[in-house]
Each structure stands twice: as structure tokens, then as C-alpha cells.
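Please read the structure below before turning to the comments.
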Amino acid sequence: MSMAKCRVCSQTIETTFLGKLIGTTIRKDKKQHTVCSKCQKKLHEQDIKDHL
Ligand SMILES: [Zn+2]
């Protein structure tokens, strides 16, 4: 299992014991970007896209 990093804050995103990311993925420019749950709560989706 690879370690995913948040594209906004660069922190490693934690996973559940099943390996599911605690956070979300956002599609931009045909790529999936991983975002941690903290940044997901803090920022709106458009704001996150502006950070990518
Ligand atoms: Zn983050």
C-alpha cells in the first residue's frame, strides 16, 4: 500500500485499517488529487482546485 500525501498541506494522509483514505480525491486536469480530511473541511472544493 502506497502512502498518499495531501496535495494541499503535503501531510501523509492516514488510512483506515481497510486501507481506505481518510480524506477525498478531487479530479482536475484528468488527474486524481488526494486531499486530507482536514483540508477537505477547511477548504471548499474550488479553493482546493486552485491549490493544485
Ligand atoms: Zn491536507
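In the C-alpha cells, chains take the letters A, B, ... in the order shown, each chain's residues start at 1, and ligands count up from 1 in the order shown.
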
Taking only C-alpha atoms and all ligand atoms into account, which residues have an atom no farther than 7 Å from ligand 1? I'd like them as a PyMOL selection string.
chain A and resi 6-11+35-39

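Every protein, DNA or RNA residue with an atom at most 12 Å from Leu52 in chain A, where only C-alpha atoms count and chain neighbours fewer than 3 positions away do not, is listed here: Cys6, Arg7, Val8, Cys9, Ser10, Thr25, Ile26, Arg27, Lys28, Asp29, Lys31, Gln32, His33, Thr34, Val35, Glu45, Gln46, Asp47, Ile48 and Lys49 of chain A.
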
As a list of chain:residue names, please: all residues of range 5-49 of chain A that backbone DSSP puts in helix (DSSP H, G or I).
A:Ser37, A:Lys38, A:Cys39, A:Gln40, A:Lys41, A:Lys42, A:Glu45, A:Gln46, A:Asp47, A:Ile48, A:Lys49

Please write the residues from the selection above to a file, keeping N, CA and C atoms, as a PDB file, in the first residue's frame.
ATOM      1  N   SER A  37      -8.578  14.934   5.159  1.00  0.00           N
ATOM      2  CA  SER A  37      -9.888  15.328   5.686  1.00  0.00           C
ATOM      3  C   SER A  37      -9.852  16.721   6.314  1.00  0.00           C
ATOM      4  N   LYS A  38      -8.703  17.098   6.884  1.00  0.00           N
ATOM      5  CA  LYS A  38      -8.605  18.436   7.480  1.00  0.00           C
ATOM      6  C   LYS A  38      -8.756  19.515   6.420  1.00  0.00           C
ATOM      7  N   CYS A  39      -8.031  19.361   5.308  1.00  0.00           N
ATOM      8  CA  CYS A  39      -8.113  20.364   4.245  1.00  0.00           C
ATOM      9  C   CYS A  39      -9.473  20.318   3.568  1.00  0.00           C
ATOM     10  N   GLN A  40     -10.055  19.141   3.522  1.00  0.00           N
ATOM     11  CA  GLN A  40     -11.373  18.999   2.923  1.00  0.00           C
ATOM     12  C   GLN A  40     -12.400  19.813   3.709  1.00  0.00           C
ATOM     13  N   LYS A  41     -12.276  19.780   5.039  1.00  0.00           N
ATOM     14  CA  LYS A  41     -13.208  20.539   5.881  1.00  0.00           C
ATOM     15  C   LYS A  41     -12.917  22.029   5.821  1.00  0.00           C
ATOM     16  N   LYS A  42     -11.629  22.342   5.748  1.00  0.00           N
ATOM     17  CA  LYS A  42     -11.187  23.735   5.839  1.00  0.00           C
ATOM     18  C   LYS A  42     -11.472  24.512   4.555  1.00  0.00           C
ATOM     19  N   GLU A  45     -14.234  22.961  -2.337  1.00  0.00           N
ATOM     20  CA  GLU A  45     -13.629  22.210  -3.434  1.00  0.00           C
ATOM     21  C   GLU A  45     -12.939  23.125  -4.443  1.00  0.00           C
ATOM     22  N   GLN A  46     -13.547  24.254  -4.733  1.00  0.00           N
ATOM     23  CA  GLN A  46     -12.936  25.165  -5.707  1.00  0.00           C
ATOM     24  C   GLN A  46     -11.628  25.731  -5.166  1.00  0.00           C
ATOM     25  N   ASP A  47     -11.591  26.001  -3.870  1.00  0.00           N
ATOM     26  CA  ASP A  47     -10.364  26.510  -3.273  1.00  0.00           C
ATOM     27  C   ASP A  47      -9.255  25.462  -3.368  1.00  0.00           C
ATOM     28  N   ILE A  48      -9.621  24.197  -3.153  1.00  0.00           N
ATOM     29  CA  ILE A  48      -8.634  23.122  -3.262  1.00  0.00           C
ATOM     30  C   ILE A  48      -8.115  23.031  -4.685  1.00  0.00           C
ATOM     31  N   LYS A  49      -9.012  23.124  -5.657  1.00  0.00           N
ATOM     32  CA  LYS A  49      -8.583  23.060  -7.054  1.00  0.00           C
ATOM     33  C   LYS A  49      -7.608  24.193  -7.388  1.00  0.00           C
TER      34      LYS A  49
END

For a test of reading the model, state the distance in Å between CA of Thr12 in chain A and CA of Thr24 in chain A, rounded to one decimal.
12.9 Å

List every residue of chain A that DSSP, applied to the backbone of this structure, places in strand (DSSP E or B), and write the result as a VMD selection string.
chain A and resid 5 12 15 21 23 to 28 31 to 36

If you keep N, CA and C atoms, can you produce a file of those selected residues as a PDB file, in the first residue's frame?
ATOM      1  N   LYS A   5      -0.211  11.414  -0.143  1.00  0.00           N
ATOM      2  CA  LYS A   5       0.009  12.708   0.507  1.00  0.00           C
ATOM      3  C   LYS A   5      -1.047  13.704   0.055  1.00  0.00           C
ATOM      4  N   THR A  12       1.088  13.337   5.034  1.00  0.00           N
ATOM      5  CA  THR A  12       0.674  11.992   4.658  1.00  0.00           C
ATOM      6  C   THR A  12      -0.754  11.754   5.131  1.00  0.00           C
ATOM      7  N   THR A  15      -4.909   6.283   6.649  1.00  0.00           N
ATOM      8  CA  THR A  15      -5.884   5.371   6.078  1.00  0.00           C
ATOM      9  C   THR A  15      -6.558   4.585   7.194  1.00  0.00           C
ATOM     10  N   LEU A  21      -8.538   5.746   2.240  1.00  0.00           N
ATOM     11  CA  LEU A  21      -8.006   7.045   2.624  1.00  0.00           C
ATOM     12  C   LEU A  21      -8.996   7.830   3.471  1.00  0.00           C
ATOM     13  N   GLY A  23     -10.069  11.037   3.811  1.00  0.00           N
ATOM     14  CA  GLY A  23      -9.994  12.285   3.047  1.00  0.00           C
ATOM     15  C   GLY A  23     -10.809  12.129   1.794  1.00  0.00           C
ATOM     16  N   THR A  24     -10.380  12.779   0.721  1.00  0.00           N
ATOM     17  CA  THR A  24     -11.142  12.704  -0.510  1.00  0.00           C
ATOM     18  C   THR A  24     -10.195  12.791  -1.696  1.00  0.00           C
ATOM     19  N   THR A  25     -10.715  12.471  -2.855  1.00  0.00           N
ATOM     20  CA  THR A  25      -9.952  12.690  -4.076  1.00  0.00           C
ATOM     21  C   THR A  25     -10.712  13.673  -4.947  1.00  0.00           C
ATOM     22  N   ILE A  26      -9.985  14.551  -5.566  1.00  0.00           N
ATOM     23  CA  ILE A  26     -10.573  15.571  -6.429  1.00  0.00           C
ATOM     24  C   ILE A  26      -9.974  15.404  -7.817  1.00  0.00           C
ATOM     25  N   ARG A  27     -10.845  15.416  -8.805  1.00  0.00           N
ATOM     26  CA  ARG A  27     -10.365  15.303 -10.182  1.00  0.00           C
ATOM     27  C   ARG A  27     -10.082  16.687 -10.744  1.00  0.00           C
ATOM     28  N   LYS A  28      -8.899  16.835 -11.318  1.00  0.00           N
ATOM     29  CA  LYS A  28      -8.579  18.072 -12.012  1.00  0.00           C
ATOM     30  C   LYS A  28      -7.593  17.739 -13.116  1.00  0.00           C
ATOM     31  N   LYS A  31      -6.556  14.176 -13.682  1.00  0.00           N
ATOM     32  CA  LYS A  31      -5.756  13.501 -12.665  1.00  0.00           C
ATOM     33  C   LYS A  31      -6.534  13.476 -11.359  1.00  0.00           C
ATOM     34  N   GLN A  32      -6.258  12.444 -10.558  1.00  0.00           N
ATOM     35  CA  GLN A  32      -6.853  12.359  -9.227  1.00  0.00           C
ATOM     36  C   GLN A  32      -5.875  12.973  -8.234  1.00  0.00           C
ATOM     37  N   HIS A  33      -6.373  13.901  -7.451  1.00  0.00           N
ATOM     38  CA  HIS A  33      -5.555  14.513  -6.416  1.00  0.00           C
ATOM     39  C   HIS A  33      -6.130  14.135  -5.069  1.00  0.00           C
ATOM     40  N   THR A  34      -5.265  13.722  -4.173  1.00  0.00           N
ATOM     41  CA  THR A  34      -5.730  13.324  -2.845  1.00  0.00           C
ATOM     42  C   THR A  34      -5.657  14.511  -1.896  1.00  0.00           C
ATOM     43  N   VAL A  35      -6.679  14.645  -1.086  1.00  0.00           N
ATOM     44  CA  VAL A  35      -6.770  15.744  -0.130  1.00  0.00           C
ATOM     45  C   VAL A  35      -7.175  15.158   1.218  1.00  0.00           C
ATOM     46  N   CYS A  36      -6.467  15.559   2.263  1.00  0.00           N
ATOM     47  CA  CYS A  36      -6.762  15.009   3.584  1.00  0.00           C
ATOM     48  C   CYS A  36      -8.073  15.579   4.131  1.00  0.00           C
TER      49      CYS A  36
END

If we count only C-alpha atoms, what is near Gly19 in chain A at a cut-off of 12 Å, once residues fewer than 2 positions away on the same chain are taken out, given as a VMD selection string?
chain A and resid 1 to 4 13 to 17 21 to 23
